[in-house]
file work22.cif (mmCIF, C-alpha atoms and all ligand atoms)
data_protein
loop_
_atom_site.label_atom_id
_atom_site.label_comp_id
_atom_site.auth_asym_id
_atom_site.auth_seq_id
_atom_site.Cartn_x
_atom_site.Cartn_y
_atom_site.Cartn_z
CA MET A 491 25.85 27.94 -11.81
CA LEU A 492 27.54 25.38 -9.60
CA LEU A 493 30.90 25.76 -11.21
CA GLU A 494 30.85 29.50 -10.74
CA THR A 495 30.24 29.14 -7.04
CA LEU A 496 32.69 26.32 -6.64
CA ILE A 497 35.93 28.14 -6.85
CA ALA A 498 36.62 31.09 -4.61
CA VAL A 499 39.79 33.00 -5.33
CA THR A 500 41.48 34.13 -2.16
CA ALA A 501 43.48 37.30 -1.76
CA LEU A 502 46.60 35.20 -2.10
CA GLY A 503 45.49 33.98 -5.47
CA THR A 504 45.10 30.34 -4.45
CA PHE A 505 41.98 28.38 -5.24
CA VAL A 506 39.77 27.24 -2.43
CA LYS A 507 36.91 24.82 -2.91
CA ALA A 508 33.65 26.32 -1.64
CA ALA A 509 31.58 24.26 0.74
CA ARG A 510 28.49 22.54 -0.60
CA PRO A 511 25.43 24.79 -0.15
CA GLU A 512 22.76 23.22 2.07
CA ASN A 513 20.14 23.30 -0.64
CA VAL A 514 22.22 21.38 -3.16
CA THR A 515 22.27 17.62 -2.75
CA ILE A 516 25.51 15.71 -2.45
CA CYS A 517 24.91 14.08 -5.83
CA ASP A 518 24.09 17.32 -7.62
CA TRP A 519 27.09 19.06 -6.09
CA TYR A 520 29.78 16.52 -6.80
CA THR A 521 28.65 15.25 -10.21
CA PRO A 522 29.94 18.27 -12.19
CA LEU A 523 33.02 18.51 -9.99
CA ILE A 524 34.09 14.89 -10.16
CA ILE A 525 32.66 13.70 -13.48
CA GLY A 526 33.31 16.99 -15.25
CA GLU A 527 29.90 17.10 -16.93
CA PRO A 528 26.72 19.04 -16.10
CA ASN A 529 24.12 17.21 -14.02
CA SER A 530 22.18 14.71 -16.14
CA PRO A 531 20.91 11.17 -15.58
CA ASP A 532 24.02 9.88 -17.30
CA SER A 533 26.57 11.98 -15.43
CA GLN A 534 24.89 11.34 -12.08
CA GLN A 535 24.86 7.61 -12.73
CA LYS A 536 28.56 7.88 -13.60
CA LEU A 537 29.30 9.39 -10.20
CA MET A 538 27.40 6.64 -8.40
CA GLN A 539 29.21 4.07 -10.53
CA ARG A 540 32.58 5.65 -9.69
CA ILE A 541 31.85 5.54 -5.97
CA THR A 542 30.56 1.97 -6.15
CA HIS A 543 33.44 0.59 -8.22
CA THR A 544 35.95 2.36 -5.99
CA PHE A 545 34.53 0.96 -2.76
CA ILE A 546 34.52 -2.50 -4.32
CA LEU A 547 37.89 -2.50 -6.12
CA GLY A 548 39.85 0.26 -4.41
CA ASN A 549 41.26 3.31 -6.21
CA TYR A 550 41.23 2.84 -9.95
CA THR A 551 40.51 6.23 -11.44
CA THR A 552 41.54 9.84 -11.38
CA PRO A 553 40.87 12.33 -10.07
CA ASN A 554 41.44 11.13 -6.58
CA VAL A 555 42.78 13.27 -3.82
CA GLY A 556 45.40 10.87 -2.54
CA ILE A 557 43.21 8.83 -0.20
CA LYS A 558 44.03 5.13 -0.31
CA VAL A 559 41.05 2.80 -0.74
CA ALA A 560 41.64 -0.93 -0.49
CA GLY A 561 38.12 -1.89 -1.57
CA VAL A 562 35.80 -4.53 -0.12
CA ALA A 563 36.94 -7.09 -2.69
CA ALA A 564 40.23 -7.45 -0.84
CA PRO A 565 40.44 -9.14 2.57
CA GLY A 566 40.66 -6.40 5.18
CA ASN A 567 40.93 -5.71 8.85
CA PHE A 568 38.49 -3.74 10.95
CA SER A 569 39.10 -3.10 14.65
CA GLY A 570 41.60 -5.93 14.73
CA HIS A 571 39.27 -8.43 13.05
CA GLU A 572 39.99 -9.95 9.66
CA VAL A 573 37.12 -9.71 7.20
CA ASN A 574 36.62 -11.11 3.72
CA ILE A 575 33.61 -9.47 2.10
CA LEU A 576 34.30 -10.95 -1.33
CA ASN A 577 33.10 -14.33 -0.15
CA TYR A 578 29.52 -13.05 -0.11
CA PHE A 579 29.74 -12.22 -3.80
CA THR A 580 31.31 -15.40 -5.18
CA GLY A 581 28.97 -18.11 -3.94
CA ALA A 582 31.40 -19.17 -1.21
CA TYR A 583 28.63 -19.17 1.42
CA TYR A 584 24.95 -20.00 1.50
CA SER A 585 24.39 -16.33 2.25
CA SER A 586 22.07 -14.90 -0.41
CA ASN A 587 18.34 -14.63 0.00
CA GLY A 588 16.70 -17.00 -2.46
CA TYR A 589 13.30 -15.47 -1.58
CA ASN A 590 12.00 -19.01 -1.26
CA ASN A 591 10.58 -18.86 2.26
CA THR A 592 13.35 -20.92 3.80
CA SER A 593 15.33 -20.02 6.88
CA THR A 594 18.74 -20.32 5.24
CA GLY A 595 20.37 -18.71 2.24
CA ILE A 596 21.50 -19.91 -1.13
CA ALA A 597 24.94 -19.73 -2.75
CA LYS A 598 24.98 -17.23 -5.60
CA ASN A 599 27.75 -15.88 -7.79
CA PHE A 600 27.49 -12.13 -8.36
CA LEU A 601 30.67 -11.97 -10.41
CA ASP A 602 29.18 -13.90 -13.28
CA ASP A 603 29.47 -11.37 -16.07
CA GLY A 604 32.88 -9.79 -16.45
CA GLY A 605 33.85 -9.49 -12.80
CA ALA A 606 36.43 -6.84 -11.98
CA THR A 607 37.41 -6.43 -15.63
CA ALA A 608 33.98 -5.00 -16.45
CA LEU A 609 34.07 -2.70 -13.43
CA LEU A 610 37.52 -1.43 -14.35
CA ALA A 611 36.10 -0.55 -17.77
CA ASP A 612 33.37 1.50 -16.04
CA LYS A 613 30.67 -1.02 -16.86
CA PRO A 614 28.39 -2.84 -14.38
CA ALA A 615 28.77 -6.07 -16.37
CA ASN A 616 29.27 -7.29 -19.91
CA THR A 617 25.57 -7.94 -20.55
CA LYS A 618 22.29 -6.90 -19.00
CA THR A 619 21.07 -10.33 -18.00
CA SER A 620 23.30 -11.40 -15.13
CA ASN A 621 23.42 -11.40 -11.36
CA GLN A 622 26.30 -8.95 -11.64
CA TYR A 623 24.35 -6.50 -13.79
CA ALA A 624 21.32 -6.55 -11.48
CA LEU A 625 23.43 -6.10 -8.35
CA LEU A 626 25.65 -3.30 -9.65
CA THR A 627 22.87 -1.27 -11.25
CA HIS A 628 20.75 -1.60 -8.10
CA VAL A 629 23.61 -0.34 -5.98
CA TYR A 630 24.12 2.67 -8.29
CA GLN A 631 20.41 3.40 -8.05
CA TYR A 632 20.35 3.03 -4.28
CA PHE A 633 23.22 5.41 -3.75
CA GLY A 634 21.72 7.80 -6.29
CA GLU A 635 18.68 8.14 -4.06
CA PHE A 636 20.79 8.12 -0.91
CA TYR A 637 22.78 11.09 -2.22
CA GLY A 638 19.77 12.85 -3.76
CA CYS A 639 20.45 12.72 -7.51
CA SER A 640 17.89 15.16 -8.92
CA GLU A 641 18.12 13.76 -12.44
CA GLN A 642 17.54 10.17 -11.40
CA GLY A 643 14.30 8.65 -12.65
CA THR A 644 14.73 9.82 -16.19
CA GLY A 645 16.82 8.56 -19.09
CA ASP A 646 19.09 5.65 -18.37
CA PHE A 647 19.26 6.22 -14.62
CA PRO A 648 16.05 4.86 -13.10
CA LYS A 649 15.02 5.08 -9.49
CA TYR A 650 15.97 2.14 -7.27
CA LYS A 651 14.47 -1.07 -8.63
CA GLY A 652 15.73 -3.54 -6.03
CA VAL A 653 14.35 -4.87 -2.77
CA ALA A 654 13.39 -2.11 -0.31
CA SER A 655 14.29 -4.01 2.87
CA MET A 656 18.04 -4.06 3.36
CA TYR A 657 17.46 -6.65 6.08
CA GLU A 658 15.83 -9.05 3.60
CA VAL A 659 18.63 -8.55 1.07
CA HIS A 660 21.46 -9.10 3.54
CA LYS A 661 20.03 -11.20 6.38
CA PHE A 662 21.62 -14.56 5.54
CA MET A 663 25.08 -12.97 5.51
CA LYS A 664 24.68 -12.47 9.27
CA SER A 665 26.90 -9.45 8.99
CA ASP A 666 28.88 -8.61 12.11
CA PRO A 667 30.19 -5.20 13.27
CA TYR A 668 33.55 -5.77 11.63
CA GLU A 669 32.13 -6.70 8.23
CA SER A 670 29.58 -3.87 8.35
CA GLY A 671 32.17 -1.48 9.73
CA TYR A 672 34.65 -2.36 7.02
CA PHE A 673 32.05 -2.07 4.27
CA ASN A 674 30.92 1.35 5.50
CA GLU A 675 34.51 2.49 5.93
CA GLN A 676 35.33 1.60 2.33
CA ILE A 677 32.25 3.47 1.06
CA VAL A 678 33.33 6.57 2.97
CA LEU A 679 36.95 6.27 1.85
CA ALA A 680 35.79 5.90 -1.76
CA ALA A 681 33.76 9.10 -1.50
CA LYS A 682 36.66 10.86 0.19
CA SER A 683 39.15 9.69 -2.42
CA LEU A 684 37.02 11.23 -5.14
CA GLY A 685 36.94 14.59 -3.37
CA PHE A 686 33.95 14.61 -1.01
CA GLU A 687 34.33 17.15 1.77
CA GLN A 688 34.76 15.86 5.31
CA ALA A 689 31.22 16.91 6.32
CA ASP A 690 29.76 14.84 3.50
CA CYS A 691 31.94 11.88 4.44
CA ASP A 692 30.78 12.24 8.04
CA PHE A 693 27.16 12.35 6.89
CA THR A 694 27.68 9.21 4.83
CA LEU A 695 29.10 7.24 7.74
CA LYS A 696 26.52 8.41 10.26
CA ALA A 697 23.61 7.74 7.93
CA LEU A 698 24.89 4.26 7.08
CA GLU A 699 25.56 3.36 10.71
CA ALA A 700 22.28 4.75 12.00
CA THR A 701 20.15 3.23 9.27
CA PHE A 702 21.74 -0.21 8.81
CA GLY A 703 24.20 -0.72 11.66
CA ASN A 704 22.01 -1.63 14.62
CA ARG A 705 20.34 -4.97 15.09
CA CYS A 706 16.61 -4.98 15.73
CA SER A 707 16.26 -1.42 14.44
CA PRO A 708 12.59 -0.50 13.97
CA ALA A 709 11.11 -0.77 10.49
CA ALA A 710 11.69 2.47 8.59
CA PRO A 711 10.88 3.85 5.14
CA VAL A 712 14.23 4.46 3.48
CA ILE A 713 14.67 3.77 -0.26
CA PRO A 714 12.24 3.93 -1.82
CA ALA A 715 10.27 5.78 0.84
CA SER A 716 7.13 4.85 -1.08
CA ALA A 717 7.66 1.22 -0.02
CA GLY A 718 6.72 2.27 3.51
CA PRO A 719 8.40 1.04 6.68
CA GLN A 720 10.75 -1.88 6.02
CA LEU A 721 13.19 -3.79 8.18
CA GLN A 722 16.58 -2.25 7.43
CA ALA A 723 19.20 -3.78 9.75
CA ILE A 724 22.20 -5.09 7.81
CA CYS A 725 24.30 -5.70 10.92
CA VAL A 726 22.32 -8.55 12.48
CA SER A 727 24.91 -10.69 14.24
CA GLU A 728 24.49 -10.98 18.01
CA ASN A 729 27.54 -8.78 18.53
CA CYS A 730 26.07 -5.90 16.51
CA PRO A 731 24.97 -2.97 18.64
CA LEU A 732 21.36 -3.21 19.71
CA ASP A 733 19.30 -0.34 18.38
CA PRO A 734 18.31 2.16 21.10
CA ASN A 735 14.70 1.62 19.98
CA ALA A 736 15.08 -2.08 19.34
CA THR A 737 12.02 -3.95 18.14
CA CYS A 738 13.36 -7.48 17.87
CA SER A 739 9.83 -8.86 17.75
CA ALA A 740 9.35 -7.21 14.36
CA TYR A 741 12.07 -9.47 12.93
CA PRO A 742 11.65 -13.17 12.15
CA ASP A 743 12.94 -15.32 15.04
CA GLU A 744 13.33 -12.18 17.13
CA GLY A 745 16.16 -11.05 14.90
CA PHE A 746 18.17 -14.25 15.13
CA VAL A 747 19.65 -15.59 11.88
CA PRO A 748 21.74 -18.74 11.53
CA PHE A 749 25.44 -18.56 10.78
CA PRO A 750 25.97 -19.04 7.01
CA GLU A 751 27.52 -22.36 6.04
CA ILE A 752 30.41 -22.49 3.60
CA ALA A 753 29.17 -23.63 0.20
CA ASN A 754 32.56 -23.84 -1.50
CA ALA A 755 35.70 -24.04 0.65
CA THR A 756 38.01 -23.50 -2.30
CA LEU A 757 36.29 -20.25 -3.16
CA ALA A 758 36.15 -19.17 0.49
CA GLY A 759 39.93 -19.39 0.82
CA ALA A 760 41.93 -18.72 3.94
CA VAL A 761 40.04 -15.79 5.48
CA VAL A 762 36.60 -17.07 6.40
CA LYS A 763 33.84 -15.50 8.43
CA GLU A 764 34.68 -15.11 12.08
CA ASN A 765 32.36 -17.02 14.36
CA ASP A 766 32.67 -15.35 17.73
CA THR A 767 28.98 -15.26 18.42
CA SER A 768 28.40 -18.84 19.48
CA ALA A 769 28.08 -17.94 23.15
CA ALA A 770 25.54 -15.27 22.41
CA THR A 771 23.78 -17.42 19.85
CA THR A 772 22.35 -19.81 22.40
CA ALA A 773 20.65 -16.97 24.23
CA SER A 774 19.60 -14.93 21.27
CA PRO A 775 16.22 -16.27 20.18
CA SER A 776 14.70 -15.42 23.55
CA GLY A 777 13.25 -12.25 22.16
CA THR A 778 14.04 -10.08 25.10
CA GLY A 779 15.87 -7.64 22.89
CA SER A 780 18.65 -7.39 25.41
CA PRO A 781 22.12 -6.78 24.07
CA ALA A 782 23.87 -10.09 23.63
CA ALA A 783 27.28 -8.59 23.30
CA SER A 784 29.12 -5.36 23.65
CA GLY A 785 29.40 -2.75 20.95
CA SER A 786 28.68 0.89 21.12
CA ALA A 787 26.29 2.44 18.66
CA SER A 788 28.15 5.36 17.20
CA GLY A 789 25.73 7.40 15.16
CA SER A 790 22.76 5.58 16.59
CA SER A 791 19.33 6.58 15.51
CA THR A 792 17.27 8.88 17.65
CA ALA A 793 14.01 7.80 16.09
CA SER A 794 11.98 10.88 16.79
CA GLY A 795 10.65 10.78 13.25
CA SER A 796 9.47 14.35 13.00
CA ALA A 797 8.44 15.79 9.67
CA ALA A 798 11.09 17.22 7.45
CA THR A 799 11.41 20.88 6.78
CA SER A 800 10.71 21.92 3.26
CA THR A 801 13.29 23.46 0.99
CA GLY A 802 12.54 24.97 -2.38
CA GLY A 803 9.60 23.72 -4.37
CA ALA A 804 10.23 20.03 -3.89
CA SER A 805 7.60 17.96 -2.16
CA THR A 806 8.33 17.17 1.44
CA LEU A 807 8.39 13.63 2.68
CA GLU A 808 8.20 12.33 6.19
CA VAL A 809 11.76 11.89 7.35
CA SER A 810 12.61 8.35 8.27
CA SER A 811 13.28 7.96 11.95
CA ALA A 812 16.29 5.85 11.12
CA LEU A 813 17.79 8.66 9.14
CA LYS A 814 17.86 11.04 12.08
CA VAL A 815 21.35 10.97 13.45
CA ILE A 816 22.69 12.60 16.55
CA GLY A 817 23.39 16.27 16.03
CA THR A 818 22.27 16.15 12.45
CA LEU A 819 18.86 16.23 10.89
CA ILE A 820 18.86 14.64 7.50
CA THR A 821 15.90 16.05 5.73
CA VAL A 822 14.43 14.12 2.87
CA VAL A 823 13.12 16.66 0.43
CA GLY A 824 11.82 15.33 -2.82
CA ALA A 825 14.58 13.30 -4.35
CA GLY A 826 17.30 14.86 -2.18
CA LEU A 827 18.82 14.27 1.18
CA PHE A 828 19.86 17.52 2.81
CA ILE A 829 21.67 17.96 6.06
CA ALA A 830 20.71 20.71 8.42
CA PRO A 831 22.41 21.02 11.81
CA LEU A 832 19.92 20.78 14.66
C1 LIG B 901 28.78 -6.28 5.44
C2 LIG B 901 28.34 -5.40 4.59
C3 LIG B 901 27.69 -5.78 3.27
C4 LIG B 901 27.80 -6.93 2.53
C5 LIG B 901 28.66 -8.15 2.84
C6 LIG B 901 26.96 -6.78 1.39
C7 LIG B 901 26.78 -7.71 0.39
C8 LIG B 901 25.79 -7.69 -0.57
C9 LIG B 901 25.46 -8.76 -1.49
C10 LIG B 901 26.19 -10.10 -1.57
C11 LIG B 901 24.41 -8.37 -2.22
C12 LIG B 901 23.65 -9.19 -3.27
C13 LIG B 901 22.45 -9.74 -2.52
C14 LIG B 901 21.41 -10.43 -3.36
O1 LIG B 901 20.96 -9.87 -4.40
O2 LIG B 901 21.00 -11.57 -2.99
C15 LIG B 901 24.08 -7.04 -1.81
C16 LIG B 901 23.06 -6.31 -2.34
C17 LIG B 901 22.86 -4.99 -2.08
N1 LIG B 901 23.49 -4.26 -1.10
FE1 LIG B 901 24.90 -4.91 0.17
N2 LIG B 901 26.34 -5.56 1.45
C18 LIG B 901 26.76 -4.93 2.58
C19 LIG B 901 26.41 -3.67 2.99
C20 LIG B 901 25.64 -2.82 2.25
C21 LIG B 901 25.43 -1.44 2.55
C22 LIG B 901 26.02 -0.68 3.75
C23 LIG B 901 24.61 -0.95 1.61
C24 LIG B 901 24.13 0.46 1.52
C25 LIG B 901 22.95 0.76 1.74
C26 LIG B 901 24.26 -2.03 0.71
C27 LIG B 901 23.40 -1.95 -0.37
C28 LIG B 901 23.02 -2.98 -1.16
C29 LIG B 901 22.02 -2.91 -2.22
C30 LIG B 901 21.24 -1.68 -2.64
C31 LIG B 901 21.92 -4.16 -2.80
C32 LIG B 901 21.02 -4.58 -3.99
C33 LIG B 901 19.74 -5.19 -3.49
C34 LIG B 901 18.84 -5.70 -4.60
O3 LIG B 901 19.31 -5.91 -5.72
O4 LIG B 901 17.65 -5.93 -4.34
N3 LIG B 901 24.93 -3.14 1.12
N4 LIG B 901 24.93 -6.65 -0.80
#

call {"tool": "encode", "arguments": {"input": "work22.cif", "output": "structure tokens"}}
result
Amino acid sequence: MLLETLIAVTALGTFVKAARPENVTICDWYTPLIIGEPNSPDSQQKLMQRITHTFILGNYTTPNVGIKVAGVAAPGNFSGHEVNILNYFTGAYYSSNGYNNTSTGIAKNFLDDGGATALLADKPANTKTSNQYALLTHVYQYFGEFYGCSEQGTGDFPKYKGVASMYEVHKFMKSDPYESGYFNEQIVLAAKSLGFEQADCDFTLKALEATFGNRCSPAAPVIPASAGPQLQAICVSENCPLDPNATCSAYPDEGFVPFPEIANATLAGAVVKENDTSAATTASPSGTGSPAASGSASGSSTASGSAATSTGGASTLEVSSALKVIGTLITVVGAGLFIAPL
């Protein structure tokens, strides 16, 4: 039983949280601890919902372990650069993929069904037929697979039903290192605030950076793996770090995407997207794959793509090259992501 192994009583009589065993996924480990219910589709979805709402809104629930989370809905600062992630969710920019075969995005409001009030009430949205509902439930599902929820796929917590290519979903946002960095930071802080151990926070950051943080990263099967190799770069601005195994030719226009225009200046407000890539922009469509700007790739992918080791009775999948991070082999086993030091 997880709960029996969780608490170790020291000689001094204090309680010490045991480390997560390697063969228990992050989702399966923290669901009983944080949600206070045994693992089930419902409780696991609740954990993914808690993480998601916290990285969007900032701390709003207990327990939390005293870590402050601002949330991506508030304007923030990353490495000295102001960012305003909310503008991508309100229809302030032409930054959503309309899947209409055009080279620019559409303006779309994702807060169309209850907004923050619904999230604060632990609901994705007020109804099930809105942009907000589709977005939030897809994000729960994505992180459920990312963290290896063993109960996902049954009951009310289906496997990920959204678009498999994170590049396609996010490309017209032209995310830069500060926006991506801030978003990832808030995800990690949310997990930490709920009680994730440092090693699991470190895994989260490295996996996010390696999988989505490098422009021109090679196509990789991520979630769902059954979709096969997909373009996954979320950080696609010219000042994003170039992937060590960059394949810009695999991306439309060699990875170049236009800067998103403001669709509604009133909504966009005072903190708008920083445009410091204009110098690099003129050179970018050349397709050479050369780095257009500085930026070191912390947690960059090693792309060796070797087969995963098997654990337990679960079926073994080919590990995505993008999910191999320096010093850490993330092994995709069945529905779970396990970390084994190299
Ligand atoms: C700069 C950072 C990011 C921004 C501004 C951002 C913004 C957005 C927006 C506006 C959408 C709705 C897109 C649409 O349906 O047209 C979206 C969808 C989504 N995002 Fe992000 N995102 C960021 C990073 C991430 C990261 C790091 C992840 C984690 C893997 C992620 C996972 C997802 C997923 C799973 C969806 C749903 C896709 C679907 O419904 O098909 N995003 N994001």

call {"tool": "atom_distance", "arguments": {"input": "work22.cif", "atom1": "CA of Ala606 (chain A)", "atom2": "CA of Gly638 (chain A)"}}
result
27.1 Å

call {"tool": "residues_around", "arguments": {"input": "work22.cif", "residues": "region 538-552 of chain A", "least_positions_apart": "3", "cutoff": "7 Å", "atoms": "all atoms listed in the file", "output": "ChimeraX atom specification"}}
result
/A:534-535,558-563,609,630,633-634,676-677,680-681

call {"tool": "residues_near_ligand", "arguments": {"input": "work22.cif", "ligand": "ligand LIG 901 (chain B)", "cutoff": "6 Å", "atoms": "all atoms listed in the file", "output": "list in words"}}
result
Ile575, Tyr578, Phe579, Ser586, Asn587, Leu625, His628, Val629, Tyr632, Gly652, Val653, Val659, Ser665, Glu669, Ser670, Phe673 and Asn674 of chain A

call {"tool": "atom_distance", "arguments": {"input": "work22.cif", "atom1": "CA of Ala723 (chain A)", "atom2": "CA of Asn577 (chain A)"}}
result
20.1 Å

call {"tool": "atom_distance", "arguments": {"input": "work22.cif", "atom1": "CA of Ile557 (chain A)", "atom2": "CA of Leu679 (chain A)"}}
result
7.1 Å

call {"tool": "closest_residue", "arguments": {"input": "work22.cif", "among": "A:Gln631, A:Asn591, A:Ala654, A:Lys536", "to": "Pro711 (chain A)", "atoms": "all atoms listed in the file"}}
result
A:Ala654

call {"tool": "closest_residue", "arguments": {"input": "work22.cif", "among": "A:Tyr672, A:Phe662, A:Tyr657, A:Phe749", "to": "Asn704 (chain A)", "atoms": "all atoms listed in the file"}}
result
A:Tyr657

call {"tool": "axis_aligned_box", "arguments": {"input": "work22.cif", "around": "region 552-566 of chain A", "padding_each_side": "6 Å", "output": "AutoDock Vina command-line options"}}
result
--center_x 40.6 --center_y 2.1 --center_z -3.1 --size_x 21.6 --size_y 34.4 --size_z 28.6

call {"tool": "closest_residue", "arguments": {"input": "work22.cif", "among": "A:Glu527, A:Asn765, A:Ile724, A:Pro714", "to": "Ala700 (chain A)", "atoms": "all atoms listed in the file"}}
result
A:Ile724

call {"tool": "residues_around", "arguments": {"input": "work22.cif", "residues": "Pro528 (chain A)", "least_positions_apart": "3", "cutoff": "12 Å", "atoms": "only C-alpha atoms", "output": "ChimeraX atom specification"}}
result
/A:491-493,517-525,531-534,536-537,641

call {"tool": "residues_around", "arguments": {"input": "work22.cif", "residues": "region 740-743 of chain A", "least_positions_apart": "3", "cutoff": "12 Å", "atoms": "all atoms listed in the file", "output": "VMD selection string"}}
result
chain A and resid 591 to 593 655 657 to 658 661 705 to 710 719 to 723 726 735 to 737 746 to 748 774 to 779

call {"tool": "closest_residue", "arguments": {"input": "work22.cif", "among": "A:Gly718, A:Gly605, A:Pro648, A:Gly526", "to": "Leu576 (chain A)", "atoms": "all atoms listed in the file"}}
result
A:Gly605

call {"tool": "closest_residue", "arguments": {"input": "work22.cif", "among": "A:Ala508, A:Cys730, A:Ile516, A:Ile596", "to": "Cys691 (chain A)", "atoms": "all atoms listed in the file"}}
result
A:Ile516

call {"tool": "closest_residue", "arguments": {"input": "work22.cif", "among": "A:Gly643, A:Gly759, A:Pro734, A:Pro750", "to": "Ala597 (chain A)", "atoms": "only C-alpha atoms"}}
result
A:Pro750

call {"tool": "residues_around", "arguments": {"input": "work22.cif", "residues": "region 613-618 of chain A", "least_positions_apart": "5", "cutoff": "8 Å", "atoms": "only C-alpha atoms", "output": "short mmCIF file (atom, residue, chain, number, x, y, z; two decimals) with C-alpha atoms, in the frame of the given file"}}
result
data_model
loop_
_atom_site.label_atom_id
_atom_site.label_comp_id
_atom_site.auth_asym_id
_atom_site.auth_seq_id
_atom_site.Cartn_x
_atom_site.Cartn_y
_atom_site.Cartn_z
CA GLN A 539 29.21 4.07 -10.53
CA ASP A 603 29.47 -11.37 -16.07
CA GLY A 604 32.88 -9.79 -16.45
CA GLY A 605 33.85 -9.49 -12.80
CA ALA A 608 33.98 -5.00 -16.45
CA TYR A 623 24.35 -6.50 -13.79
CA ALA A 624 21.32 -6.55 -11.48
CA LEU A 626 25.65 -3.30 -9.65
CA THR A 627 22.87 -1.27 -11.25
#

call {"tool": "residues_around", "arguments": {"input": "work22.cif", "residues": "Glu764 (chain A)", "least_positions_apart": "5", "cutoff": "12 Å", "atoms": "all atoms listed in the file", "output": "list of chain:residue names"}}
result
A:Asn567, A:Gly570, A:His571, A:Glu572, A:Val573, A:Asn574, A:Ile575, A:Met663, A:Lys664, A:Ser665, A:Asp666, A:Pro667, A:Tyr668, A:Glu669, A:Ser727, A:Asn729, A:Phe749, A:Pro750, A:Glu751

call {"tool": "decode", "arguments": {"input": "work22.cif", "residues": "region 675-689 of chain A", "atoms": "C-alpha atoms", "output": "short mmCIF file (atom, residue, chain, number, x, y, z; two decimals), in the first residue's frame"}}
result
data_model
loop_
_atom_site.label_atom_id
_atom_site.label_comp_id
_atom_site.auth_asym_id
_atom_site.auth_seq_id
_atom_site.Cartn_x
_atom_site.Cartn_y
_atom_site.Cartn_z
CA GLU A 675 8.42 27.54 -14.43
CA GLN A 676 4.82 27.98 -13.32
CA ILE A 677 4.03 24.31 -14.07
CA VAL A 678 6.98 23.23 -11.93
CA LEU A 679 6.12 25.66 -9.13
CA ALA A 680 2.53 24.40 -9.15
CA ALA A 681 3.72 20.81 -8.76
CA LYS A 682 6.14 21.87 -6.05
CA SER A 683 3.50 23.84 -4.18
CA LEU A 684 1.32 20.75 -3.99
CA GLY A 685 4.14 18.68 -2.52
CA PHE A 686 6.11 17.13 -5.39
CA GLU A 687 9.62 16.16 -4.36
CA GLN A 688 12.51 18.09 -5.87
CA ALA A 689 13.54 15.17 -8.12
#
